[in-house]
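Have a look at the structure below, then the notes.
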Amino acid sequence: MNFRKFVKKSGLSRFMIVIGVIIAAIQLLQAAPTDPSRRTVTSLNIGWKFYYGEPGGTPQSVSFNDVAWTDVCIPHSLRITTSHLDGTTDCGTQATFHRTTGWYRKHLTIPTTEQGKKIFLDFQGVMQVATVYVNGQQVGIHEVSGFDEFHYDITSYVSFGSDNVIAVHVDNRMNTRTPPDDTGKSCSDWCNGLDFILFGGFYRDVKLVCTDNLHVSFPWEALNSGVFVTTPAVSTGSATINVKVGVKNDNATAKNVTVATTILDANNVTVGTATSAAQNINANASALFNLTINVSSPRLWTPNTPYLYKVHNSIWDGGAAVDSVWTRIGIRSVEFNATSGFILNGQPFKLIGVNRHTAWPFIGEAVPNTCHYREAKQIKSFGFNWIRLSHYPHDPEFLDALDELGLFALEEGPTWCHTGADPAWRTNLETAFRHMIRRDRNHPCIIIWNACINHQGCDATLHPAAHQEDSSHYVGRCTSTGLGVDCPMCFNSYPNVAVATGGAVCIEHTGHLFPTSRSQGESRMITHAQWHWAITNVSRATASNSGIAAWAMYDYNSDYNSGINGGNTDPERNIVFHGQLDLYRIPKFSAYWYQSELTTPPMVFIANYWTSTSPTNPVTVFSNCDTVELIVNGTSRGRQGPVRNAETNSLLHPPFQFANVTYAAGTLIANGYSGGLLRATQTVRTPGAAAGLRIETDTDTLLADGVDLARIIVSVVDANGTVVPTATSQISASATGVGSIISESPIAAVAGKIIFLARANLTGGTINVTVSSGSLATASRTLYVIPLPSGTIREGLPLKSAAAAISLQQPLVFRFAGNHYTVPAWAYGKFNTIEIYDVQGKLLVRTSPKGRHPIRLSAWKRSEGGVFVIRMLNRM
């Protein structure tokens, strides 16, 4: 039974309880090893009050009346904006747009069971200066960077078993002390200001962390804090795993401490253990523990096989375990080699990737975790194997997704170009850079810390800081010579230029020199794709070039020299058209060429709308098949191989081009053949007059967390359902049910397509979305919102990105063995059906928990990743 039919038949009211909503791959939904740790991590994203601007009075005080404030959940932007930034006239410096303040308040009861522990607030990101109050007292002001994760010890500020008030003042006004902010000089001065927008708000997760007084420290606290896992020796036969653990003793007396470390594979099978020698840690002091474990026959992490292990560290106070943390790792070796380029696990590996900005249309940086995962999955779907995380630390949930899906990454500090006149700016930049390394150093996706400030060369402060923080990773510097512990990097521009050699990786090419909008038509988009295949060809032909990254994956908002043609008077300004996909995550032709070059599932794509103005000499087709047959209005033009010339000879899958095709309204069909067999096909039809609208979505299933989003992708179509690529219709959207539309509405279609964002509220049920445009036929779509269970959502199990375990009196535990799961004894007789769905609402398993019968899940299903929903149904 599929999800829609099930909901219609059973109704959400017939669920006894939603046992779990787990952002995880299904193979990790089993019990953690026995863990008597006192640590709890609780999401505080739900249930905030928000005021835009300054309300007057003392909003930080406990008694302040916030009843009229807006109810919001985190992540949250100071305000929703249009895709063209509300028509702002800012120029380069972002002098006014979103340069404002806001207040957030939350009431919180901390259970008395947490009394005697250390209580922390952990903020993943606030843009850009945050002043934090607890029960009316100022805890701290954070102005290191709007992209910096930080925490405060609030133990002495809170009461247990009664109401506490958290208040956060968010200040996004221009600040010369806080990178990447910059006052700039002029619109024409390219190296001042920013080429991206600082959207204000409380835009990343916030958590309550409760630990024993003896605990693993937060990684960004100090040089030897947190957990740091390295793999100094790796082969297919064995791997040496070094685990460093920083432990902090906040007790009033000294403690005799040991650390026990366990490494588990993806099936939770222990593959290595170690226990440290005991150390005496004085009161209010810290110590570093260093353990080494050998793993036999490791499964090596690669983009094609992103196998993940888990490291469990428990802290022992004498004979009692008082704290523990989980860390995911991938075992792999990487090298930038002057002769052979990038080497992965001993084999040459060409890095072909993109740059990425994190902001979305309408919501800015306030992107929910599920969307980070879906975006990483979209990038992976086009075949890219690495990403430059430009120009700041990205959300940790996105890095989790890169680990899971298999994409490498370069990460860099929060700045674009300006070096900061205020000495505090330089200090904060280095601090944020160090914090980034400490936070993200265990991710197998990370291969380079970029010590450059964009095009300005190696930074004299960041370069030594990176080497001091982490000698296990390469440090990028903008030069075409030298290797060793550094990775030379370059900025490529035009196609057919010589790429940097000697192991260098070229981290930016093409986009800024050939801006292209989907509205500019087929010929422009084909030439845009040609730029990309030409420079990819050069990189593939140059063995000692480690790889390249296109600027950028997505078009993005900016007030700096933006627009299709550049310049701040451009009617399309405030969008930079440098991506392989547009601002709305809709692909341009170049994305499909990359898919043909970089992926193996057979595909074919016709780069043509087949209209009277479409290019016909040649008709271009992208495919990873051996040959392609083009059929024009029922007549075959025969099969032919790809074009081989000076700019395609080193490509795996050059484009196919059919010359001198005569246009006549009708159909183009491209059939791709490999091994003599038909492997893929596509049909393009001449569009007629606009007649209606069509809806697609990137997910039909949302979480009832107040922030989860679906992209509602709307196409203007003719009577036969063909997209009308010239349509610029004004389209409106509305929603009923348990969610809302938070986008600009109405909004003009771009080349026949546009999106809206539908957001779930805190109630399970359905969202019914309807789109309309004048006399065009309307379209509707139903989204399904999965209710969160009552009770506290806690983290701590060795699960995947933002893994959450539901804290119940009798928690559901799936024990893994081989390729199946076993239901816990307490569930017998209480439920008659277990169903497991993926985030798209696709039913993966439906079974009955009778006795100890296992729930079997095939390997391919277990490896899909993403959001999984487990439902236990009561007896009917």
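Residues in the structure tokens are named by chain (A, B, ... in the order shown) and by number from 1 within that chain; ligands are numbered from 1 in the order shown.
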
If you run DSSP over the backbone, which residues in region 475-657 of chain A end up helix (DSSP H, G or I)? Put them as an MDAnalysis selection string. chainID A and resid 511:513 518:520 522:541 589:598

Identify all residues of region 225-404 of chain A in strand (DSSP E or B) (DSSP on the backbone) and supply them as a tab-separated table (two decimals) with C-alpha atoms, in the first residue's frame.
```tsv
chain	number	residue	atom	x	y	z
A	227	VAL	CA	37.16	14.75	19.83
A	228	PHE	CA	39.70	14.66	17.02
A	229	VAL	CA	39.97	11.45	14.97
A	230	THR	CA	42.70	10.94	12.37
A	231	THR	CA	43.73	8.02	10.18
A	232	PRO	CA	47.52	8.30	9.86
A	233	ALA	CA	47.91	4.92	8.11
A	234	VAL	CA	45.32	3.47	5.72
A	238	SER	CA	44.38	-2.29	7.94
A	239	ALA	CA	43.94	1.23	9.21
A	240	THR	CA	45.42	3.02	12.18
A	241	ILE	CA	42.88	5.23	13.94
A	242	ASN	CA	44.14	7.90	16.31
A	243	VAL	CA	41.55	9.34	18.70
A	244	LYS	CA	42.23	12.44	20.79
A	245	VAL	CA	39.68	13.37	23.43
A	246	GLY	CA	39.67	16.61	25.39
A	247	VAL	CA	38.10	16.17	28.83
A	248	LYS	CA	37.12	19.03	31.12
A	249	ASN	CA	36.70	18.71	34.89
A	255	LYS	CA	39.17	13.43	39.32
A	256	ASN	CA	40.91	10.24	38.27
A	257	VAL	CA	39.77	9.78	34.68
A	258	THR	CA	39.99	7.21	31.92
A	259	VAL	CA	38.58	7.24	28.40
A	260	ALA	CA	37.19	4.11	26.72
A	261	THR	CA	36.94	4.18	22.94
A	262	THR	CA	34.99	1.80	20.71
A	263	ILE	CA	34.87	1.84	16.91
A	264	LEU	CA	31.78	0.33	15.29
A	270	THR	CA	32.62	-3.49	17.18
A	271	VAL	CA	35.81	-3.47	15.10
A	272	GLY	CA	38.22	-2.01	17.65
A	273	THR	CA	38.52	-0.85	21.25
A	274	ALA	CA	41.02	0.93	23.45
A	275	THR	CA	41.14	2.24	27.00
A	279	GLN	CA	44.94	10.68	34.31
A	280	ASN	CA	44.40	12.90	37.31
A	281	ILE	CA	42.58	16.08	36.25
A	285	ALA	CA	41.16	21.93	34.57
A	286	SER	CA	41.33	19.96	31.32
A	287	ALA	CA	43.33	17.06	29.95
A	288	LEU	CA	43.94	15.44	26.57
A	289	PHE	CA	43.68	11.68	26.08
A	290	ASN	CA	45.33	10.00	23.11
A	291	LEU	CA	44.27	6.52	21.98
A	292	THR	CA	45.24	4.40	18.98
A	293	ILE	CA	43.18	1.57	17.50
A	294	ASN	CA	43.91	-0.68	14.52
A	295	VAL	CA	41.02	-1.73	12.29
A	296	SER	CA	41.52	-4.79	10.10
A	300	LEU	CA	37.34	2.63	2.68
A	309	TYR	CA	32.17	4.12	10.98
A	310	LYS	CA	31.20	5.41	14.43
A	311	VAL	CA	33.58	6.22	17.26
A	312	HIS	CA	32.14	6.06	20.77
A	313	ASN	CA	34.12	7.74	23.55
A	314	SER	CA	33.00	7.30	27.15
A	315	ILE	CA	34.45	9.21	30.08
A	316	TRP	CA	34.96	7.30	33.32
A	317	ASP	CA	35.18	8.86	36.77
A	320	ALA	CA	31.47	5.11	36.70
A	321	ALA	CA	30.83	6.26	33.13
A	322	VAL	CA	29.64	9.86	33.34
A	323	ASP	CA	29.78	11.21	29.77
A	324	SER	CA	30.02	9.96	26.20
A	325	VAL	CA	29.95	11.27	22.67
A	326	TRP	CA	29.56	9.72	19.23
A	327	THR	CA	31.66	10.73	16.22
A	328	ARG	CA	31.17	9.49	12.66
A	329	ILE	CA	34.26	8.94	10.55
A	331	ILE	CA	38.48	5.73	6.69
A	334	VAL	CA	44.07	11.43	0.25
A	335	GLU	CA	47.08	13.03	-1.40
A	336	PHE	CA	47.72	15.90	-3.78
A	337	ASN	CA	50.51	14.58	-5.95
A	341	GLY	CA	47.07	15.01	-9.21
A	342	PHE	CA	44.61	13.98	-6.51
A	343	ILE	CA	45.13	10.48	-5.09
A	344	LEU	CA	42.34	8.73	-3.18
A	347	GLN	CA	44.48	5.66	-6.90
A	348	PRO	CA	44.26	8.80	-9.10
A	351	LEU	CA	37.88	16.12	-8.67
A	352	ILE	CA	35.04	17.65	-10.71
A	353	GLY	CA	32.87	19.88	-8.60
A	354	VAL	CA	31.11	23.15	-7.91
A	355	ASN	CA	31.02	26.07	-5.51
A	356	ARG	CA	27.98	26.52	-3.30
A	360	TRP	CA	17.72	29.92	-0.66
A	364	GLY	CA	17.72	33.43	2.97
A	386	TRP	CA	33.34	17.68	-4.51
A	387	ILE	CA	32.18	21.11	-3.37
A	388	ARG	CA	33.93	24.31	-2.43
A	389	LEU	CA	31.99	25.58	0.59
```

Using only C-alpha atoms, can you tell me which of A:His532, A:Lys106, A:His142, A:Arg685 comes closest to Trp610 (chain A)?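 Looking at the shortest contact to Trp610 (chain A), the residue is A:Arg685.
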
I'd like the neighbourhood of Gly330 (chain A) as a list in words, where a residue qualifies if any of its atoms comes within 7 Å (using only C-alpha atoms), though same-chain residues fewer than 2 positions away should be ignored.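 After dropping sequence-adjacent residues, the list is Trp301, Tyr307, Leu308, Tyr309, Arg332 and Pro444 of chain A.
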
With N, CA, C and O atoms retained, write the just-selected residues as a PDB file, in the first residue's frame.
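Below you can see selection.pdb, which holds the result:
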```
ATOM      1  N   TRP A 301      36.279   4.786   2.631  1.00  0.00           N
ATOM      2  CA  TRP A 301      35.326   5.817   2.197  1.00  0.00           C
ATOM      3  C   TRP A 301      35.752   6.366   0.847  1.00  0.00           C
ATOM      4  O   TRP A 301      36.909   6.756   0.650  1.00  0.00           O
ATOM      5  N   TYR A 307      31.340   4.786   2.975  1.00  0.00           N
ATOM      6  CA  TYR A 307      31.118   3.926   4.141  1.00  0.00           C
ATOM      7  C   TYR A 307      31.536   4.668   5.410  1.00  0.00           C
ATOM      8  O   TYR A 307      32.641   5.221   5.488  1.00  0.00           O
ATOM      9  N   LEU A 308      30.682   4.636   6.417  1.00  0.00           N
ATOM     10  CA  LEU A 308      30.915   5.387   7.644  1.00  0.00           C
ATOM     11  C   LEU A 308      31.020   4.468   8.857  1.00  0.00           C
ATOM     12  O   LEU A 308      30.216   3.541   9.023  1.00  0.00           O
ATOM     13  N   TYR A 309      32.023   4.755   9.682  1.00  0.00           N
ATOM     14  CA  TYR A 309      32.172   4.120  10.981  1.00  0.00           C
ATOM     15  C   TYR A 309      31.724   5.094  12.069  1.00  0.00           C
ATOM     16  O   TYR A 309      31.552   6.288  11.815  1.00  0.00           O
ATOM     17  N   ARG A 332      39.825   6.792   4.980  1.00  0.00           N
ATOM     18  CA  ARG A 332      40.340   6.978   3.621  1.00  0.00           C
ATOM     19  C   ARG A 332      41.661   7.729   3.691  1.00  0.00           C
ATOM     20  O   ARG A 332      41.967   8.375   4.689  1.00  0.00           O
ATOM     21  N   PRO A 444      34.747  13.008   6.993  1.00  0.00           N
ATOM     22  CA  PRO A 444      35.551  12.451   5.902  1.00  0.00           C
ATOM     23  C   PRO A 444      35.440  13.244   4.610  1.00  0.00           C
ATOM     24  O   PRO A 444      36.319  13.148   3.746  1.00  0.00           O
TER      25      PRO A 444
END
```

Could you please determine the separation between CA of Ala735 (chain A) and CA of Leu757 (chain A) in Å, to one decimal place? 10.4 Å

Give me the residues near Trp593 (chain A) as a VMD selection string, where near means some atom within 9 Å (using only C-alpha atoms) and where sequence neighbours in that chain fewer than 6 positions away do not count. chain A and resid 382 529 to 530 532 to 533 605 621 to 623 653 to 655

Do a neighbour search on Phe433 (chain A) at 9 Å with only C-alpha atoms, toss out local chain neighbours closer than 5 positions, and write the hits as a ChimeraX atom specification. /A:148,392-393,412-414,428,438,451,462,465-466

So that I have them on file, write out the residues from the current selection with all heavy atoms, as a compact mmCIF listing (two decimals), in the first residue's frame.
```
# COMPACT_ATOMS: atom_id res chain seq x y z
N ASP A 148 29.57 31.32 12.83
CA ASP A 148 30.34 30.63 13.86
C ASP A 148 29.41 29.92 14.82
O ASP A 148 28.42 30.49 15.29
CB ASP A 148 31.18 31.68 14.61
CG ASP A 148 32.27 31.05 15.46
OD1 ASP A 148 32.97 30.17 14.95
OD2 ASP A 148 32.40 31.45 16.63
N TYR A 392 32.41 30.62 3.59
CA TYR A 392 32.17 30.62 5.03
C TYR A 392 31.86 29.19 5.46
O TYR A 392 31.58 28.32 4.61
CB TYR A 392 30.98 31.53 5.39
CG TYR A 392 29.84 31.44 4.39
CD1 TYR A 392 28.95 30.38 4.40
CD2 TYR A 392 29.69 32.41 3.39
CE1 TYR A 392 27.93 30.28 3.47
CE2 TYR A 392 28.68 32.32 2.45
CZ TYR A 392 27.80 31.26 2.50
OH TYR A 392 26.80 31.15 1.56
N PRO A 393 31.93 28.89 6.74
CA PRO A 393 31.54 27.55 7.21
C PRO A 393 30.06 27.29 6.92
O PRO A 393 29.21 28.11 7.22
CB PRO A 393 31.80 27.62 8.73
CG PRO A 393 32.78 28.73 8.90
CD PRO A 393 32.45 29.74 7.85
N GLU A 412 36.26 27.03 4.04
CA GLU A 412 37.05 28.24 4.25
C GLU A 412 36.38 29.16 5.26
O GLU A 412 35.19 29.03 5.56
CB GLU A 412 37.27 28.97 2.92
CG GLU A 412 36.02 29.29 2.16
CD GLU A 412 36.31 29.64 0.70
OE1 GLU A 412 37.34 29.19 0.16
OE2 GLU A 412 35.52 30.38 0.12
N GLY A 413 37.17 30.10 5.76
CA GLY A 413 36.69 31.02 6.77
C GLY A 413 35.69 32.02 6.22
O GLY A 413 35.52 32.18 5.01
N PRO A 414 35.02 32.75 7.13
CA PRO A 414 33.93 33.64 6.71
C PRO A 414 34.41 34.99 6.20
O PRO A 414 34.38 36.00 6.90
CB PRO A 414 33.12 33.79 8.01
CG PRO A 414 34.16 33.70 9.09
CD PRO A 414 35.17 32.70 8.59
N ASN A 428 38.78 38.22 14.92
CA ASN A 428 37.58 37.41 14.83
C ASN A 428 37.62 36.47 13.63
O ASN A 428 37.10 35.35 13.71
CB ASN A 428 36.35 38.31 14.75
CG ASN A 428 36.00 38.92 16.09
OD1 ASN A 428 36.25 38.32 17.13
ND2 ASN A 428 35.42 40.12 16.08
N ARG A 438 37.95 23.07 14.11
CA ARG A 438 37.69 22.20 15.26
C ARG A 438 36.32 21.54 15.16
O ARG A 438 36.14 20.39 15.58
CB ARG A 438 37.79 23.02 16.55
CG ARG A 438 39.18 23.55 16.82
CD ARG A 438 39.20 24.54 17.98
NE ARG A 438 40.47 25.24 18.05
CZ ARG A 438 40.71 26.27 18.85
NH1 ARG A 438 39.75 26.72 19.66
NH2 ARG A 438 41.90 26.85 18.86
N ALA A 451 43.15 28.50 3.21
CA ALA A 451 43.77 29.61 3.94
C ALA A 451 43.87 30.86 3.08
O ALA A 451 44.57 31.80 3.44
CB ALA A 451 45.14 29.21 4.46
N LEU A 462 45.81 33.01 8.58
CA LEU A 462 45.04 31.77 8.49
C LEU A 462 45.92 30.58 8.15
O LEU A 462 45.66 29.46 8.62
CB LEU A 462 43.93 31.92 7.45
CG LEU A 462 42.93 33.06 7.67
CD1 LEU A 462 41.81 32.98 6.65
CD2 LEU A 462 42.37 33.05 9.09
N ALA A 465 47.61 29.18 11.20
CA ALA A 465 46.56 28.73 12.12
C ALA A 465 46.05 27.35 11.71
O ALA A 465 45.83 26.47 12.56
CB ALA A 465 45.42 29.74 12.15
N ALA A 466 45.84 27.15 10.41
CA ALA A 466 45.34 25.86 9.94
C ALA A 466 46.34 24.74 10.24
O ALA A 466 45.95 23.65 10.68
CB ALA A 466 45.06 25.92 8.44
```
